[in-house]
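Novice: Quick one: the structure is below, questions incoming.
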Amino acid sequence: MDTHPATDRAKAPAPRGAPGLGDGLDRPALSGAPALGHVVQPNAIDVSHGTILYLEDVTVSFGGFRALNKLSLTVDAGELRCVIGPNGAGKTTMMDVITGKTSPDSGKVYLGQSIDLTRLNEPQIAQTGIGRKFQKPTVFEQHPVWENLELAMKADKRWWASLRARLDRPAQARIEHTLEVIRLESDARRLAGELSHGQKQRLEIGMLLMQQPALLLLDEPAAGMTDDETMELAVLLNRLRGTCSMMVVEHDMEFVAALAGATGRVTVMAEGRVLAEGSLDHVKRDEAVIESYLGR
Ligand SMILES: Nc1ncnc2c1ncn2[C@@H]1O[C@H](COP(=O)(O)OP(=O)(O)OP(=O)(O)O)[C@@H](O)[C@H]1O
């Protein structure tokens, strides 16, 4: 934490304004990440200190109630971070703050070293490369799977210049590659509305991937899935490691175990702050975590 501009401004002062925004062609991307291997971003999010997301002492109050209470947390570039915690711990509120849906009363929220997210509005934050998936899948049900991905790519302004009425070869290749990643190759021509819940969830993740996010926020993506669908989703997210950084809020502990493995960091939130952090084994043994969340 002490290497971040929020605490070490002499080394790398955070610029004023909205860095990396403007004509929609210069959205920053995580430097070093292949982003599905298609577009090289001219302006990378500065992850030179290894941090993609930095929250320090973030407080959000609703009336007199503190949903976030001096929350401090960092996510490393390329990391897949699982966040768990009891109902009302502030997990969704944290994601709302990161994406600009909710403004914090106080605290620092940075993407990389220099992008102060508290100075940006929701659309600007989406342009910085933060993608968010809500619990319920939102796909275009009346359109085929392929078109869903195409529409998602066209929503990304950087592609307007290169996308004509017909997709050029590189654009088609991106869609084909994403179909393979989300394992829906054989469903490309089916209407999205005909897909199972698990397939729709994977399609929506694919739609987010078409926008080449640097950081993906996933809010209970396994909710409502069968066991098989849940494990297939875990395989997909594990495959995305190195492509983008991810933060996954989840209650399903088997899913969390499949994502975190033996060494992945898990954050436990309670009462608007971090209660414990470390490997899944570590937090499972933490007395405070057992008390407030996991039970005996
Ligand atoms: N807009 C709001 N107005 C008032 N209170 C709110 C608002 N949004 C959230 N809260 C409260 O803030 C607290 C944290 O809510 P939040 O949804 O962030 O928790 P959570 O950890 O995501 O819970 P869950 O696991 O149930 O989704 C809760 O007590 C909730 O009732």
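Each chain in the structure tokens gets a letter, A, B, ..., in the order shown, and its residues are numbered from 1; ligands are numbered from 1 in order too.
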Enumerate residues in contact with ligand 1: an atom-to-atom distance of at most 9 Å, counting only C-alpha atoms and all ligand atoms. Format the result as a PyMOL selection string.

Specialist: chain A and resi 60-63+65-68+84-96+102+219-220+249-251+269-272

Novice: How would the residues just picked look written out with C-alpha atoms as a compact mmCIF listing (two decimals), in the first residue's frame?

Specialist:
# COMPACT_ATOMS: atom_id res chain seq x y z
CA VAL A 60 -20.34 5.20 2.62
CA SER A 61 -23.27 6.16 4.85
CA PHE A 62 -26.94 5.68 4.17
CA GLY A 63 -28.63 7.98 6.64
CA PHE A 65 -25.80 3.75 8.84
CA ARG A 66 -22.28 3.05 7.58
CA ALA A 67 -22.51 0.47 4.78
CA LEU A 68 -18.75 0.87 4.26
CA ILE A 84 -17.07 -13.29 0.81
CA GLY A 85 -18.99 -12.15 3.86
CA PRO A 86 -22.40 -12.14 5.51
CA ASN A 87 -25.46 -10.43 4.09
CA GLY A 88 -25.21 -6.68 4.53
CA ALA A 89 -21.40 -6.72 4.83
CA GLY A 90 -21.12 -4.04 2.14
CA LYS A 91 -19.88 -6.16 -0.77
CA THR A 92 -22.32 -4.77 -3.32
CA THR A 93 -21.87 -1.26 -1.97
CA MET A 94 -18.11 -1.64 -2.52
CA MET A 95 -18.73 -2.61 -6.16
CA ASP A 96 -21.14 0.35 -6.47
CA THR A 102 -22.38 5.32 -5.34
CA ASP A 219 -21.49 -10.12 -8.22
CA GLU A 220 -22.61 -13.64 -7.23
CA VAL A 249 -18.30 -11.66 -4.75
CA GLU A 250 -19.77 -15.03 -3.88
CA HIS A 251 -21.50 -17.01 -1.15
CA MET A 269 -15.92 -8.47 4.65
CA ALA A 270 -18.17 -7.73 7.60
CA GLU A 271 -19.82 -4.53 8.77
CA GLY A 272 -18.39 -2.49 5.94

Novice: Mind the document's chain letters and residue numbers, and return as a count of residues only the residues of region 45-291 of chain A that DSSP labels strand (DSSP E).

Specialist: 63

Novice: So which one's closest to Glu287 (chain A), A:Val83, A:Leu275, A:Leu218, A:Val47? Using only C-alpha atoms, please.

Specialist: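 For Glu287 (chain A), the nearest of the candidates is A:Leu275.
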
Novice: Could you state the separation of CA of Gly131 (chain A) and CA of Ala262 (chain A) in Å, given to one decimal place?

Specialist: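 Rounded to one decimal, the two atoms are 26.6 Å apart.
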
Novice: Could you list, as number ranges by chain, every residue within 7 Å of region 241-248 of chain A, counting only C-alpha atoms and ignoring same-chain residues fewer than 3 positions away?

Specialist: A: 33-36, 77-83, 213-219, 237-238

Novice: Save out the residues we just selected, C-alpha atoms, as a compact mmCIF listing (two decimals), in the first residue's frame.

Specialist:
# COMPACT_ATOMS: atom_id res chain seq x y z
CA ALA A 33 -2.27 -8.48 -20.20
CA PRO A 34 -3.07 -9.91 -23.63
CA ALA A 35 -6.77 -8.87 -23.42
CA LEU A 36 -7.71 -11.81 -25.63
CA ALA A 77 -2.89 -6.75 -11.37
CA GLY A 78 -3.89 -10.08 -12.90
CA GLU A 79 -5.33 -11.37 -9.64
CA LEU A 80 -8.63 -13.23 -9.25
CA ARG A 81 -9.88 -12.06 -5.84
CA CYS A 82 -12.83 -13.68 -4.13
CA VAL A 83 -14.78 -11.57 -1.66
CA PRO A 213 -11.94 -5.08 -19.49
CA ALA A 214 -8.86 -4.55 -17.37
CA LEU A 215 -10.89 -5.33 -14.26
CA LEU A 216 -14.02 -7.48 -14.12
CA LEU A 217 -16.36 -7.26 -11.14
CA LEU A 218 -18.69 -10.23 -10.78
CA ASP A 219 -21.49 -10.12 -8.22
CA LEU A 237 -12.92 -17.71 -14.80
CA ASN A 238 -9.75 -19.65 -14.10

Novice: Between A:Met207, A:Ile98, A:Ile115, A:Val109, which is the closest to Ala44 (chain A) once you count only C-alpha atoms?

Specialist: A:Ile115

Novice: Leu53 (chain A): which residues within 6 Å, counting only C-alpha atoms, same-chain residues fewer than 4 positions away excluded, as a PyMOL selection string?

Specialist: chain A and resi 74-75+110-112

Novice: Those residues you just picked out, can you put them in a file as a PDB file, in the first residue's frame with C-alpha atoms?

Specialist:
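Written output follows (result_32.pdb):
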ATOM      1  CA  THR A  74      -6.033  -3.703  -2.777  1.00  0.00           C
ATOM      2  CA  VAL A  75      -6.202  -6.098  -5.701  1.00  0.00           C
ATOM      3  CA  TYR A 110      -7.842   4.251  -7.567  1.00  0.00           C
ATOM      4  CA  LEU A 111      -7.574   2.157 -10.693  1.00  0.00           C
ATOM      5  CA  GLY A 112      -3.877   1.462 -11.059  1.00  0.00           C
TER       6      GLY A 112
END

Novice: Mind listing the alpha helix (DSSP H) residues of region 79-228 of chain A, per DSSP on the backbone, as a PyMOL selection string?

Specialist: chain A and resi 91-98+122-128+145-154+169-181+197-210+227-228

Novice: Go ahead and save the residues from that selection, with C-alpha atoms, as a PDB file, in the first residue's frame.

Specialist:
ATOM      1  CA  LYS A  91     -19.878  -6.159  -0.770  1.00  0.00           C
ATOM      2  CA  THR A  92     -22.324  -4.772  -3.316  1.00  0.00           C
ATOM      3  CA  THR A  93     -21.869  -1.256  -1.975  1.00  0.00           C
ATOM      4  CA  MET A  94     -18.114  -1.636  -2.518  1.00  0.00           C
ATOM      5  CA  MET A  95     -18.734  -2.609  -6.158  1.00  0.00           C
ATOM      6  CA  ASP A  96     -21.137   0.348  -6.474  1.00  0.00           C
ATOM      7  CA  VAL A  97     -18.358   2.655  -5.284  1.00  0.00           C
ATOM      8  CA  ILE A  98     -15.794   1.180  -7.681  1.00  0.00           C
ATOM      9  CA  GLU A 122     -20.336   5.859 -14.121  1.00  0.00           C
ATOM     10  CA  PRO A 123     -19.935   5.986 -17.941  1.00  0.00           C
ATOM     11  CA  GLN A 124     -16.404   7.351 -17.609  1.00  0.00           C
ATOM     12  CA  ILE A 125     -15.488   4.552 -15.235  1.00  0.00           C
ATOM     13  CA  ALA A 126     -16.863   1.982 -17.682  1.00  0.00           C
ATOM     14  CA  GLN A 127     -14.567   3.555 -20.276  1.00  0.00           C
ATOM     15  CA  THR A 128     -11.530   3.066 -18.080  1.00  0.00           C
ATOM     16  CA  VAL A 145     -25.458 -15.669 -29.346  1.00  0.00           C
ATOM     17  CA  TRP A 146     -23.113 -14.447 -32.083  1.00  0.00           C
ATOM     18  CA  GLU A 147     -25.020 -11.163 -32.434  1.00  0.00           C
ATOM     19  CA  ASN A 148     -24.935 -10.613 -28.695  1.00  0.00           C
ATOM     20  CA  LEU A 149     -21.145 -10.646 -28.850  1.00  0.00           C
ATOM     21  CA  GLU A 150     -21.156  -8.490 -31.979  1.00  0.00           C
ATOM     22  CA  LEU A 151     -23.408  -5.910 -30.322  1.00  0.00           C
ATOM     23  CA  ALA A 152     -21.180  -5.879 -27.252  1.00  0.00           C
ATOM     24  CA  MET A 153     -18.148  -5.217 -29.426  1.00  0.00           C
ATOM     25  CA  LYS A 154     -19.952  -2.443 -31.303  1.00  0.00           C
ATOM     26  CA  ARG A 169     -11.875 -10.632 -40.366  1.00  0.00           C
ATOM     27  CA  PRO A 170     -10.146  -9.523 -37.118  1.00  0.00           C
ATOM     28  CA  ALA A 171     -13.508  -8.659 -35.586  1.00  0.00           C
ATOM     29  CA  GLN A 172     -14.911 -12.053 -36.569  1.00  0.00           C
ATOM     30  CA  ALA A 173     -11.846 -13.722 -35.124  1.00  0.00           C
ATOM     31  CA  ARG A 174     -12.415 -11.943 -31.817  1.00  0.00           C
ATOM     32  CA  ILE A 175     -15.972 -13.192 -31.638  1.00  0.00           C
ATOM     33  CA  GLU A 176     -14.875 -16.737 -32.538  1.00  0.00           C
ATOM     34  CA  HIS A 177     -12.171 -16.637 -29.890  1.00  0.00           C
ATOM     35  CA  THR A 178     -14.594 -15.378 -27.244  1.00  0.00           C
ATOM     36  CA  LEU A 179     -17.106 -18.092 -28.175  1.00  0.00           C
ATOM     37  CA  GLU A 180     -14.369 -20.618 -27.564  1.00  0.00           C
ATOM     38  CA  VAL A 181     -13.427 -19.039 -24.217  1.00  0.00           C
ATOM     39  CA  HIS A 197     -29.186 -19.979 -17.062  1.00  0.00           C
ATOM     40  CA  GLY A 198     -25.547 -21.063 -16.868  1.00  0.00           C
ATOM     41  CA  GLN A 199     -25.031 -20.519 -20.598  1.00  0.00           C
ATOM     42  CA  LYS A 200     -26.594 -17.060 -20.375  1.00  0.00           C
ATOM     43  CA  GLN A 201     -24.224 -16.185 -17.548  1.00  0.00           C
ATOM     44  CA  ARG A 202     -21.267 -17.300 -19.681  1.00  0.00           C
ATOM     45  CA  LEU A 203     -22.586 -15.330 -22.638  1.00  0.00           C
ATOM     46  CA  GLU A 204     -22.832 -12.185 -20.554  1.00  0.00           C
ATOM     47  CA  ILE A 205     -19.267 -12.671 -19.392  1.00  0.00           C
ATOM     48  CA  GLY A 206     -18.330 -13.070 -23.057  1.00  0.00           C
ATOM     49  CA  MET A 207     -20.084  -9.785 -23.829  1.00  0.00           C
ATOM     50  CA  LEU A 208     -18.033  -8.076 -21.142  1.00  0.00           C
ATOM     51  CA  LEU A 209     -14.866  -9.671 -22.545  1.00  0.00           C
ATOM     52  CA  MET A 210     -15.633  -8.204 -25.971  1.00  0.00           C
ATOM     53  CA  ASP A 227     -23.486 -27.677  -9.580  1.00  0.00           C
ATOM     54  CA  ASP A 228     -22.222 -28.524 -13.068  1.00  0.00           C
TER      55      ASP A 228
END

Novice: To one decimal place in Å, what is the distance between CA of Ser72 (chain A) and CA of Lys108 (chain A)?

Specialist: 8.8 Å

Novice: Could you state the separation of CA of Ala260 (chain A) and CA of Glu229 (chain A) in Å, given to one decimal place?

Specialist: 17.5 Å

Novice: Compile the contact shell of Ile290 (chain A) as a list in words: residues with an atom at most 12 Å away, counting only C-alpha atoms, same-chain residues fewer than 3 positions apart removed.

Specialist: Gly85, Pro86, Val268, Ala270, Leu275, Ala276, Asp281, His282, Val283, Lys284, Arg285, Asp286, Glu287, Tyr293, Leu294, Gly295 and Arg296 of chain A

Novice: Suppose we keep N, CA and C atoms; can you now write the selection as a CSV table (one decimal), in the first residue's frame?

Specialist:
chain,number,residue,atom,x,y,z
A,85,GLY,N,-18.6,-12.9,2.7
A,85,GLY,CA,-19.0,-12.1,3.9
A,85,GLY,C,-20.5,-12.2,4.0
A,86,PRO,N,-21.0,-12.0,5.2
A,86,PRO,CA,-22.4,-12.1,5.5
A,86,PRO,C,-23.2,-11.1,4.8
A,268,VAL,N,-12.5,-11.4,3.4
A,268,VAL,CA,-13.8,-11.6,4.1
A,268,VAL,C,-14.2,-10.2,4.6
A,270,ALA,N,-17.1,-7.8,6.6
A,270,ALA,CA,-18.2,-7.7,7.6
A,270,ALA,C,-18.3,-6.3,8.1
A,275,LEU,N,-12.6,-8.0,7.3
A,275,LEU,CA,-12.5,-8.7,8.6
A,275,LEU,C,-11.3,-9.6,8.6
A,276,ALA,N,-11.0,-10.2,7.4
A,276,ALA,CA,-9.8,-11.1,7.3
A,276,ALA,C,-9.5,-11.2,5.8
A,281,ASP,N,-8.0,-21.4,3.3
A,281,ASP,CA,-7.7,-22.1,4.5
A,281,ASP,C,-7.5,-21.2,5.7
A,282,HIS,N,-6.7,-20.2,5.4
A,282,HIS,CA,-6.4,-19.2,6.5
A,282,HIS,C,-7.7,-18.5,7.0
A,283,VAL,N,-8.5,-18.0,6.1
A,283,VAL,CA,-9.7,-17.2,6.6
A,283,VAL,C,-10.7,-18.2,7.2
A,284,LYS,N,-10.7,-19.4,6.7
A,284,LYS,CA,-11.7,-20.4,7.3
A,284,LYS,C,-11.3,-20.7,8.8
A,285,ARG,N,-10.0,-20.5,9.1
A,285,ARG,CA,-9.6,-20.8,10.5
A,285,ARG,C,-9.7,-19.6,11.4
A,286,ASP,N,-9.9,-18.4,10.8
A,286,ASP,CA,-10.0,-17.2,11.6
A,286,ASP,C,-11.2,-17.2,12.5
A,287,GLU,N,-10.9,-17.0,13.8
A,287,GLU,CA,-12.0,-17.0,14.8
A,287,GLU,C,-13.1,-16.0,14.4
A,293,TYR,N,-19.5,-15.3,10.1
A,293,TYR,CA,-19.9,-15.8,8.8
A,293,TYR,C,-20.0,-17.3,8.6
A,294,LEU,N,-18.9,-18.0,8.9
A,294,LEU,CA,-18.9,-19.4,8.5
A,294,LEU,C,-19.6,-20.3,9.5
A,295,GLY,N,-19.7,-19.9,10.7
A,295,GLY,CA,-20.3,-20.7,11.8
A,295,GLY,C,-19.4,-21.8,12.2
A,296,ARG,N,-19.7,-22.5,13.3
A,296,ARG,CA,-18.9,-23.6,13.8
A,296,ARG,C,-19.4,-24.9,13.3
